[in-house]
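J.: Next up, target.cif (mmCIF, C-alpha atoms).
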```cif
data_target
loop_
_atom_site.label_atom_id
_atom_site.label_comp_id
_atom_site.auth_asym_id
_atom_site.auth_seq_id
_atom_site.Cartn_x
_atom_site.Cartn_y
_atom_site.Cartn_z
CA MET A 26 77.18 -5.38 193.01
CA LEU A 27 79.72 -5.29 190.17
CA THR A 28 78.38 -5.59 186.65
CA GLN A 29 79.91 -8.04 184.19
CA THR A 30 82.63 -5.50 183.33
CA THR A 31 83.34 -2.51 185.55
CA THR A 32 86.02 0.16 185.83
CA ARG A 33 86.56 2.09 189.06
CA VAL A 34 89.17 3.86 191.16
CA LEU A 35 90.73 1.38 193.55
CA GLU A 36 90.75 2.00 197.30
CA PRO A 37 93.21 0.95 200.03
CA GLY A 38 91.15 -2.16 200.70
CA ASP A 39 91.85 -3.35 197.15
CA LEU A 40 95.60 -3.54 197.78
CA GLY A 41 95.87 -7.33 197.84
CA ALA A 42 94.01 -7.77 194.57
CA ALA A 43 96.03 -4.99 192.92
CA LEU A 44 99.33 -6.53 194.02
CA ALA A 45 98.24 -9.90 192.63
CA VAL A 46 97.81 -8.30 189.20
CA LEU A 47 101.06 -6.35 189.45
CA GLU A 48 103.11 -9.32 190.57
CA SER A 49 101.83 -11.52 187.76
CA ASP A 50 104.52 -9.80 185.62
CA PRO A 51 107.17 -8.50 188.04
CA VAL A 52 109.62 -7.24 185.40
CA THR A 53 107.16 -5.31 183.24
CA ASN A 54 105.32 -3.87 186.23
CA ALA A 55 108.36 -3.05 188.40
CA PHE A 56 107.89 0.73 188.38
CA VAL A 57 104.27 0.71 189.53
CA THR A 58 104.72 -2.26 191.88
CA ALA A 59 107.51 -0.43 193.71
CA ARG A 60 105.34 2.64 194.17
CA VAL A 61 102.35 0.63 195.39
CA ARG A 62 104.50 -1.39 197.80
CA VAL A 63 105.63 1.85 199.46
CA ALA A 64 102.51 4.01 199.21
CA GLY A 65 99.56 1.63 198.96
CA LEU A 66 96.56 2.79 196.93
CA ASP A 67 95.73 6.04 198.70
CA PRO A 68 95.94 8.67 195.91
CA TRP A 69 97.64 11.25 198.12
CA ARG A 70 100.47 8.89 199.00
CA LEU A 71 100.58 7.13 195.64
CA GLY A 72 100.74 10.37 193.67
CA GLY A 73 97.78 9.42 191.50
CA GLU A 74 94.82 7.13 191.13
CA MET A 75 94.88 3.43 190.38
CA TRP A 76 92.07 2.41 188.06
CA GLY A 77 90.90 -1.17 188.08
CA TRP A 78 89.06 -3.06 185.37
CA TYR A 79 86.91 -5.98 186.50
CA THR A 80 85.34 -8.80 184.58
CA GLU A 81 83.02 -11.32 186.21
CA GLY A 82 83.73 -9.61 189.53
CA ARG A 83 87.48 -10.21 189.37
CA LEU A 84 90.17 -7.53 189.02
CA ARG A 85 91.99 -8.24 185.78
CA SER A 86 93.74 -5.04 184.64
CA LEU A 87 95.05 -1.80 186.13
CA CYS A 88 95.97 1.66 184.97
CA TYR A 89 98.07 4.05 187.04
CA SER A 90 97.01 7.66 186.47
CA GLY A 91 99.47 10.15 187.93
CA ALA A 92 102.45 11.97 186.45
CA ASN A 93 102.45 9.07 184.00
CA LEU A 94 99.55 7.10 182.57
CA VAL A 95 100.55 3.42 182.74
CA PRO A 96 98.40 0.51 181.51
CA ILE A 97 99.11 -2.67 183.48
CA CYS A 98 98.22 -6.18 182.31
CA ALA A 99 95.62 -4.39 180.20
CA THR A 100 93.45 -6.36 177.79
CA PRO A 101 92.08 -4.56 174.71
CA GLU A 102 88.71 -4.19 176.41
CA ALA A 103 90.34 -2.79 179.53
CA VAL A 104 92.35 -0.32 177.44
CA ARG A 105 89.14 0.99 175.88
CA ALA A 106 87.63 1.46 179.33
CA PHE A 107 90.77 3.23 180.59
CA ALA A 108 90.80 5.48 177.53
CA ASP A 109 87.18 6.48 178.16
CA ARG A 110 87.98 7.41 181.76
CA ALA A 111 91.15 9.28 180.72
CA ARG A 112 89.23 11.31 178.12
CA ARG A 113 86.61 12.29 180.66
CA ALA A 114 89.25 13.32 183.20
CA GLY A 115 91.38 15.25 180.71
CA ARG A 116 95.12 14.97 180.34
CA ARG A 117 97.00 15.51 183.60
CA CYS A 118 100.06 13.35 182.89
CA SER A 119 103.37 14.23 181.25
CA SER A 120 103.65 10.88 179.50
CA ILE A 121 101.96 7.60 178.67
CA VAL A 122 104.33 4.69 179.18
CA GLY A 123 103.96 0.95 179.39
CA PRO A 124 104.07 -2.32 177.45
CA ALA A 125 104.17 -1.47 173.75
CA GLU A 126 100.95 -3.11 172.53
CA PRO A 127 98.43 -1.80 175.09
CA THR A 128 100.18 1.58 175.21
CA ALA A 129 99.90 1.90 171.43
CA GLN A 130 96.19 1.06 171.60
CA LEU A 131 95.68 3.55 174.43
CA TRP A 132 97.42 6.29 172.46
CA ARG A 133 95.37 5.57 169.31
CA LEU A 134 92.22 6.09 171.35
CA LEU A 135 93.47 9.22 173.14
CA GLU A 136 95.38 10.97 170.36
CA PRO A 137 92.31 12.63 168.79
CA THR A 138 91.64 14.53 172.04
CA TRP A 139 95.05 14.52 173.75
CA GLY A 140 97.32 14.96 170.74
CA PRO A 141 99.63 15.93 169.35
CA ALA A 142 102.43 14.46 171.44
CA ARG A 143 105.85 16.05 171.69
CA ASP A 144 107.47 12.69 170.94
CA VAL A 145 106.34 9.09 170.45
CA ARG A 146 108.83 6.29 171.09
CA SER A 147 106.97 3.29 169.83
CA HIS A 148 109.55 0.56 170.50
CA GLN A 149 111.79 0.59 173.57
CA PRO A 150 113.31 -2.86 174.16
CA LEU A 151 112.84 -4.19 177.71
CA MET A 152 115.98 -6.03 178.81
CA VAL A 153 116.80 -8.21 181.83
CA THR A 154 119.60 -10.19 183.39
CA ASP A 155 120.06 -12.19 186.58
CA ARG A 156 123.84 -12.63 186.54
CA LEU A 157 127.11 -10.80 186.15
CA PRO A 158 128.93 -11.07 182.81
CA ASP A 159 131.78 -13.58 182.79
CA ALA A 160 134.19 -11.62 180.60
CA ILE A 161 133.58 -8.04 181.79
CA GLU A 162 135.44 -6.58 184.75
CA PRO A 163 133.31 -4.13 186.76
CA ASP A 164 134.82 -0.64 186.84
CA PRO A 165 136.45 -0.41 190.29
CA TYR A 166 136.04 3.39 190.29
CA VAL A 167 132.24 3.27 190.06
CA ARG A 168 130.83 3.71 193.56
CA ARG A 169 127.81 4.88 195.51
CA ILE A 170 127.26 8.62 195.62
CA ARG A 171 127.43 10.16 199.09
CA LYS A 172 124.80 12.55 200.39
CA ASP A 173 127.36 15.38 200.48
CA GLU A 174 127.99 14.95 196.73
CA MET A 175 124.62 16.18 195.48
CA ASP A 176 126.22 19.25 193.91
CA VAL A 177 128.60 16.95 192.00
CA ILE A 178 126.02 14.52 190.65
CA MET A 179 123.17 16.96 189.85
CA PRO A 180 124.67 18.53 186.70
CA ALA A 181 125.16 15.05 185.21
CA CYS A 182 121.61 14.06 186.16
CA VAL A 183 120.21 17.21 184.55
CA ALA A 184 122.29 16.65 181.41
CA MET A 185 121.10 13.05 181.14
CA PHE A 186 117.43 13.95 181.62
CA THR A 187 117.57 16.82 179.13
CA GLU A 188 119.33 14.67 176.52
CA GLU A 189 116.96 11.75 177.01
CA VAL A 190 113.61 13.50 177.40
CA GLY A 191 114.21 16.64 175.36
CA VAL A 192 113.30 19.15 178.08
CA SER A 193 115.13 20.26 181.21
CA PRO A 194 113.92 18.88 184.55
CA MET A 195 114.73 22.29 186.03
CA SER A 196 111.84 24.01 184.26
CA GLY A 197 108.40 24.47 185.81
CA ASP A 198 109.03 24.23 189.56
CA GLY A 199 112.69 25.12 189.24
CA GLY A 200 113.68 21.48 189.50
CA LEU A 201 112.48 20.97 193.07
CA LEU A 202 110.73 17.66 192.38
CA TYR A 203 113.60 16.37 190.27
CA GLN A 204 116.21 17.32 192.84
CA ALA A 205 114.11 15.62 195.52
CA ARG A 206 114.01 12.42 193.47
CA VAL A 207 117.77 12.47 192.89
CA ALA A 208 118.30 13.08 196.61
CA GLU A 209 115.98 10.17 197.43
CA LEU A 210 118.03 7.77 195.29
CA VAL A 211 121.31 9.07 196.70
CA GLY A 212 119.98 8.70 200.23
CA ALA A 213 118.85 5.15 199.51
CA GLY A 214 122.31 4.19 198.20
CA ARG A 215 120.99 3.62 194.68
CA SER A 216 122.93 6.32 192.81
CA PHE A 217 126.31 5.37 191.32
CA ALA A 218 129.04 7.18 189.43
CA ARG A 219 132.68 7.31 188.43
CA ILE A 220 134.02 10.71 189.43
CA GLU A 221 137.44 12.08 188.55
CA ASN A 222 138.64 15.48 189.74
CA GLY A 223 135.10 16.47 190.67
CA ARG A 224 133.73 15.53 187.24
CA VAL A 225 131.20 12.75 186.62
CA LEU A 226 132.39 10.50 183.81
CA PHE A 227 129.72 7.78 184.15
CA LYS A 228 126.56 7.53 186.20
CA ALA A 229 123.47 5.38 186.63
CA GLU A 230 120.78 4.78 189.22
CA ILE A 231 118.74 1.86 190.44
CA GLY A 232 115.27 3.36 190.28
CA ALA A 233 112.25 1.16 190.89
CA ALA A 234 113.01 -1.79 193.17
CA THR A 235 110.97 -4.67 194.59
CA ASP A 236 112.08 -7.88 196.26
CA ARG A 237 111.97 -9.60 192.84
CA VAL A 238 113.40 -7.10 190.36
CA CYS A 239 115.04 -3.69 190.14
CA GLN A 240 115.22 -1.27 187.24
CA ILE A 241 118.43 0.50 186.21
CA GLN A 242 117.89 3.98 184.81
CA GLY A 243 119.60 7.27 184.04
CA VAL A 244 122.66 5.72 182.39
CA TRP A 245 124.94 8.51 181.15
CA VAL A 246 128.52 9.01 180.01
CA ASP A 247 130.26 12.38 179.76
CA PRO A 248 130.06 13.32 176.04
CA ASP A 249 133.84 13.90 175.95
CA ARG A 250 134.44 10.31 177.09
CA ARG A 251 131.98 8.42 174.93
CA GLY A 252 133.16 5.62 172.70
CA ARG A 253 135.89 4.52 175.11
CA GLY A 254 134.07 1.66 176.84
CA LEU A 255 133.34 3.48 180.10
CA ALA A 256 129.70 2.40 180.01
CA ILE A 257 130.57 -1.30 179.76
CA GLY A 258 132.63 -1.45 182.95
CA GLY A 259 130.32 1.05 184.60
CA MET A 260 127.20 -0.98 183.89
CA ALA A 261 128.92 -4.14 185.10
CA ALA A 262 129.71 -2.35 188.36
CA VAL A 263 126.15 -1.08 188.83
CA LEU A 264 124.82 -4.53 187.98
CA ARG A 265 127.06 -6.05 190.66
CA TYR A 266 125.58 -3.70 193.27
CA ALA A 267 122.04 -4.31 191.99
CA LEU A 268 122.16 -8.10 192.11
CA ALA A 269 124.04 -8.26 195.41
CA ASP A 270 122.13 -5.63 197.37
CA VAL A 271 118.75 -4.95 195.77
CA ALA A 272 117.06 -7.76 193.81
CA PRO A 273 117.86 -11.06 192.05
CA VAL A 274 116.91 -9.67 188.62
CA ALA A 275 117.89 -6.36 187.01
CA SER A 276 115.97 -4.74 184.16
CA LEU A 277 116.02 -1.63 182.01
CA TYR A 278 114.44 -0.29 178.86
CA VAL A 279 116.13 1.65 176.10
CA ASN A 280 115.20 3.53 172.94
CA ASP A 281 115.48 1.23 169.93
CA TYR A 282 117.44 3.83 167.96
CA ASN A 283 120.17 4.02 170.62
CA ALA A 284 122.37 1.35 169.06
CA PRO A 285 125.47 2.02 171.22
CA ALA A 286 123.47 1.68 174.45
CA ARG A 287 121.77 -1.51 173.30
CA ALA A 288 125.15 -2.99 172.36
CA THR A 289 126.57 -2.07 175.77
CA TYR A 290 123.69 -3.69 177.61
CA ARG A 291 124.03 -6.86 175.55
CA ARG A 292 127.76 -6.94 176.31
CA VAL A 293 127.06 -7.03 180.05
CA GLY A 294 124.47 -9.78 179.68
CA PHE A 295 121.10 -8.09 179.27
CA GLN A 296 118.64 -9.86 176.96
CA GLU A 297 115.51 -8.45 175.35
CA VAL A 298 112.29 -9.90 176.75
CA GLY A 299 109.69 -7.41 175.50
CA ALA A 300 109.17 -3.80 174.58
CA PHE A 301 107.82 -0.60 176.11
CA MET A 302 106.38 2.45 174.41
CA SER A 303 106.47 6.06 175.59
CA VAL A 304 104.36 9.02 174.54
CA LEU A 305 105.83 12.31 175.77
CA PHE A 306 103.84 15.56 176.08
#
```
Take the structure in this file and express it as structure tokens.
T.:
Amino acid sequence: MLTQTTTRVLEPGDLGAALAVLESDPVTNAFVTARVRVAGLDPWRLGGEMWGWYTEGRLRSLCYSGANLVPICATPEAVRAFADRARRAGRRCSSIVGPAEPTAQLWRLLEPTWGPARDVRSHQPLMVTDRLPDAIEPDPYVRRIRKDEMDVIMPACVAMFTEEVGVSPMSGDGGLLYQARVAELVGAGRSFARIENGRVLFKAEIGAATDRVCQIQGVWVDPDRRGRGLAIGGMAAVLRYALADVAPVASLYVNDYNAPARATYRRVGFQEVGAFMSVLF
């Protein structure tokens, strides 16, 4: 019998209730929803545990605990319960990421035992669009990456990750997990680039994807070509693929201090609908 408020690790039989929570906010929860849709709630397949917070016997909030710690539809009371469980388990994640308000509360509660963080990005605008821009022509040279082009796209992916996160994805396991993830997106037809003479000038991926929304990530322009508008046409091209082939809504989130990127996304029709926060270890 569940008490008035209870927190526990969810099991495969809880899948329907978990999806109901996740799909109550399809844009914000796209990353975790996509993982759960593919892997279910078994920790071995999911790559982590899904914690559930119940009140009056009903599942109200979730927290994904894997490589990332992600609060989902988390009320302040649920965040406190998730923080207690996270403290007891000890830090096993490389980041905390999620909607700005509950993520900030979670970090305040965990910082005394988990801190200091390597970086805290407290405001990352969440942006969405459901249509192509009227006045922007998609770059005709942006295309899907072929499986035999992994050696071409990987250096750009590594450069993007290192610039964005501050550490190389090739450290630790030698980049095996990162290369596997890039290969997965290439194999799924969700990696895009403009390549000239064997050199990537622009690239982006469609990462998380459900039947309702997809998330564009990994946007990068060769440093020698920045400031020339490549990202505008490139993003329009990726957006065309995303809306035609993947989902009716496209989303992304961006660091608030990255003014050029935010301006580019606005130019191609993205509008801010919320904010994320990331704590990097």
J.: Where does segment 48-146 of chain A meet segment 240-259 of chain A within 10 Å, residue by residue, with the nearest atom pair and distance in Å to one decimal for each, counting only C-alpha atoms, listed by chain and rising number, as JSON lines?
T.:
```
{"residue": "A:Val52", "atom": "CA", "partner": "A:Gln240", "partner_atom": "CA", "distance": 8.4}
{"residue": "A:Thr53", "atom": "CA", "partner": "A:Gln240", "partner_atom": "CA", "distance": 9.9}
{"residue": "A:Ala55", "atom": "CA", "partner": "A:Gln240", "partner_atom": "CA", "distance": 7.2}
{"residue": "A:Phe56", "atom": "CA", "partner": "A:Gln240", "partner_atom": "CA", "distance": 7.7}
```
J.: Just checking: using all atoms listed in the file, which residue out of A:Cys239, A:Val153, A:Arg105, A:Gly299 ends up closest to Ala269 of chain A?
T.: A:Cys239
J.: Determine the residue membership of the PyMOL selection byres ((chain A and resi 203) around 12) for the file above and supply it as a count of residues only.
T.: 23
J.: Name the residues captured by the PyMOL selection byres ((chain A and resi 76) around 12) when it is applied to the shown file; answer as a ChimeraX atom specification.
T.: /A:31-36,39-40,43,66-68,73-75,77-79,84-91,94-97,99,103-104,106-111
J.: Just want the 9 Å neighbourhood of Arg265 of chain A, counted on only C-alpha atoms, with same-chain residues fewer than 5 positions away dropped. Output as a ChimeraX atom specification.
T.: /A:156-157,163,260,270
J.: Output C-alpha atoms for every residue in that selection, as a compact mmCIF listing (two decimals), in the coordinates of the input.
T.:
```
# COMPACT_ATOMS: atom_id res chain seq x y z
CA ARG A 156 123.84 -12.63 186.54
CA LEU A 157 127.11 -10.80 186.15
CA PRO A 163 133.31 -4.13 186.76
CA MET A 260 127.20 -0.98 183.89
CA ASP A 270 122.13 -5.63 197.37
```
J.: With only C-alpha atoms as the basis for distance, which of A:Arg219, A:Arg168, A:Arg237, A:Arg292 is at the shortest distance from Leu47 of chain A?
T.: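 When distances to Leu47 of chain A are compared using only C-alpha atoms, the smallest one comes from A:Arg237.
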J.: Could segment 61-72 of chain A be completed with all heavy atoms and returned as a PDB file, keeping the file's coordinate frame?
T.:
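And here's rebuild11.pdb as it stands now:
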```pdb
ATOM      1  N   VAL A  61     103.482   1.143 194.614  1.00  0.00           N
ATOM      2  CA  VAL A  61     102.350   0.630 195.390  1.00  0.00           C
ATOM      3  C   VAL A  61     102.831  -0.032 196.666  1.00  0.00           C
ATOM      4  O   VAL A  61     102.197   0.089 197.727  1.00  0.00           O
ATOM      5  CB  VAL A  61     101.504  -0.328 194.527  1.00  0.00           C
ATOM      6  CG1 VAL A  61     100.467  -1.059 195.382  1.00  0.00           C
ATOM      7  CG2 VAL A  61     100.814   0.443 193.398  1.00  0.00           C
ATOM      8  N   ARG A  62     103.945  -0.737 196.614  1.00  0.00           N
ATOM      9  CA  ARG A  62     104.500  -1.390 197.800  1.00  0.00           C
ATOM     10  C   ARG A  62     104.822  -0.366 198.884  1.00  0.00           C
ATOM     11  O   ARG A  62     104.667  -0.629 200.074  1.00  0.00           O
ATOM     12  CB  ARG A  62     105.750  -2.171 197.430  1.00  0.00           C
ATOM     13  CG  ARG A  62     105.486  -3.530 196.822  1.00  0.00           C
ATOM     14  CD  ARG A  62     104.985  -4.488 197.861  1.00  0.00           C
ATOM     15  NE  ARG A  62     104.830  -5.850 197.371  1.00  0.00           N
ATOM     16  CZ  ARG A  62     104.212  -6.795 198.056  1.00  0.00           C
ATOM     17  NH1 ARG A  62     103.682  -6.521 199.247  1.00  0.00           N
ATOM     18  NH2 ARG A  62     104.082  -8.001 197.570  1.00  0.00           N
ATOM     19  N   VAL A  63     105.266   0.810 198.491  1.00  0.00           N
ATOM     20  CA  VAL A  63     105.630   1.850 199.460  1.00  0.00           C
ATOM     21  C   VAL A  63     104.417   2.655 199.897  1.00  0.00           C
ATOM     22  O   VAL A  63     104.241   2.948 201.083  1.00  0.00           O
ATOM     23  CB  VAL A  63     106.705   2.784 198.859  1.00  0.00           C
ATOM     24  CG1 VAL A  63     106.923   3.999 199.750  1.00  0.00           C
ATOM     25  CG2 VAL A  63     108.004   2.037 198.653  1.00  0.00           C
ATOM     26  N   ALA A  64     103.572   3.032 198.933  1.00  0.00           N
ATOM     27  CA  ALA A  64     102.510   4.010 199.210  1.00  0.00           C
ATOM     28  C   ALA A  64     101.121   3.430 199.340  1.00  0.00           C
ATOM     29  O   ALA A  64     100.202   4.129 199.784  1.00  0.00           O
ATOM     30  CB  ALA A  64     102.507   5.073 198.090  1.00  0.00           C
ATOM     31  N   GLY A  65     100.908   2.170 198.962  1.00  0.00           N
ATOM     32  CA  GLY A  65      99.560   1.630 198.960  1.00  0.00           C
ATOM     33  C   GLY A  65      98.745   2.244 197.826  1.00  0.00           C
ATOM     34  O   GLY A  65      99.297   2.695 196.814  1.00  0.00           O
ATOM     35  N   LEU A  66      97.445   2.298 197.985  1.00  0.00           N
ATOM     36  CA  LEU A  66      96.560   2.790 196.930  1.00  0.00           C
ATOM     37  C   LEU A  66      95.913   4.125 197.263  1.00  0.00           C
ATOM     38  O   LEU A  66      95.083   4.604 196.483  1.00  0.00           O
ATOM     39  CB  LEU A  66      95.467   1.748 196.640  1.00  0.00           C
ATOM     40  CG  LEU A  66      95.952   0.429 196.030  1.00  0.00           C
ATOM     41  CD1 LEU A  66      94.784  -0.544 195.877  1.00  0.00           C
ATOM     42  CD2 LEU A  66      96.633   0.647 194.690  1.00  0.00           C
ATOM     43  N   ASP A  67      96.264   4.719 198.389  1.00  0.00           N
ATOM     44  CA  ASP A  67      95.730   6.040 198.700  1.00  0.00           C
ATOM     45  C   ASP A  67      96.290   7.051 197.705  1.00  0.00           C
ATOM     46  O   ASP A  67      97.510   7.194 197.588  1.00  0.00           O
ATOM     47  CB  ASP A  67      96.116   6.445 200.116  1.00  0.00           C
ATOM     48  CG  ASP A  67      95.598   7.829 200.459  1.00  0.00           C
ATOM     49  OD1 ASP A  67      94.414   7.949 200.809  1.00  0.00           O
ATOM     50  OD2 ASP A  67      96.376   8.800 200.336  1.00  0.00           O
ATOM     51  N   PRO A  68      95.446   7.777 196.959  1.00  0.00           N
ATOM     52  CA  PRO A  68      95.940   8.670 195.910  1.00  0.00           C
ATOM     53  C   PRO A  68      96.921   9.720 196.401  1.00  0.00           C
ATOM     54  O   PRO A  68      97.856  10.082 195.678  1.00  0.00           O
ATOM     55  CB  PRO A  68      94.655   9.317 195.361  1.00  0.00           C
ATOM     56  CG  PRO A  68      93.581   8.318 195.646  1.00  0.00           C
ATOM     57  CD  PRO A  68      93.961   7.707 196.959  1.00  0.00           C
ATOM     58  N   TRP A  69      96.739  10.216 197.616  1.00  0.00           N
ATOM     59  CA  TRP A  69      97.640  11.250 198.120  1.00  0.00           C
ATOM     60  C   TRP A  69      99.045  10.708 198.318  1.00  0.00           C
ATOM     61  O   TRP A  69     100.027  11.394 198.025  1.00  0.00           O
ATOM     62  CB  TRP A  69      97.103  11.809 199.446  1.00  0.00           C
ATOM     63  CG  TRP A  69      95.881  12.644 199.265  1.00  0.00           C
ATOM     64  CD1 TRP A  69      94.584  12.280 199.508  1.00  0.00           C
ATOM     65  CD2 TRP A  69      95.818  13.988 198.769  1.00  0.00           C
ATOM     66  NE1 TRP A  69      93.723  13.305 199.194  1.00  0.00           N
ATOM     67  CE2 TRP A  69      94.461  14.367 198.741  1.00  0.00           C
ATOM     68  CE3 TRP A  69      96.787  14.902 198.343  1.00  0.00           C
ATOM     69  CZ2 TRP A  69      94.054  15.622 198.317  1.00  0.00           C
ATOM     70  CZ3 TRP A  69      96.377  16.150 197.914  1.00  0.00           C
ATOM     71  CH2 TRP A  69      95.028  16.510 197.909  1.00  0.00           C
ATOM     72  N   ARG A  70      99.148   9.495 198.802  1.00  0.00           N
ATOM     73  CA  ARG A  70     100.470   8.890 199.000  1.00  0.00           C
ATOM     74  C   ARG A  70     101.026   8.319 197.702  1.00  0.00           C
ATOM     75  O   ARG A  70     102.231   8.375 197.457  1.00  0.00           O
ATOM     76  CB  ARG A  70     100.407   7.796 200.058  1.00  0.00           C
ATOM     77  CG  ARG A  70     100.026   8.296 201.456  1.00  0.00           C
ATOM     78  CD  ARG A  70     100.128   7.170 202.465  1.00  0.00           C
ATOM     79  NE  ARG A  70     101.488   6.662 202.546  1.00  0.00           N
ATOM     80  CZ  ARG A  70     101.805   5.387 202.758  1.00  0.00           C
ATOM     81  NH1 ARG A  70     100.857   4.476 202.894  1.00  0.00           N
ATOM     82  NH2 ARG A  70     103.064   5.010 202.827  1.00  0.00           N
ATOM     83  N   LEU A  71     100.154   7.779 196.875  1.00  0.00           N
ATOM     84  CA  LEU A  71     100.580   7.130 195.640  1.00  0.00           C
ATOM     85  C   LEU A  71     100.986   8.154 194.576  1.00  0.00           C
ATOM     86  O   LEU A  71     101.762   7.844 193.670  1.00  0.00           O
ATOM     87  CB  LEU A  71      99.463   6.238 195.119  1.00  0.00           C
ATOM     88  CG  LEU A  71      99.742   5.367 193.896  1.00  0.00           C
ATOM     89  CD1 LEU A  71     100.884   4.389 194.183  1.00  0.00           C
ATOM     90  CD2 LEU A  71      98.485   4.588 193.501  1.00  0.00           C
ATOM     91  N   GLY A  72     100.453   9.362 194.686  1.00  0.00           N
ATOM     92  CA  GLY A  72     100.740  10.370 193.670  1.00  0.00           C
ATOM     93  C   GLY A  72      99.850  10.258 192.458  1.00  0.00           C
ATOM     94  O   GLY A  72     100.169  10.785 191.388  1.00  0.00           O
TER      95      GLY A  72
END
```
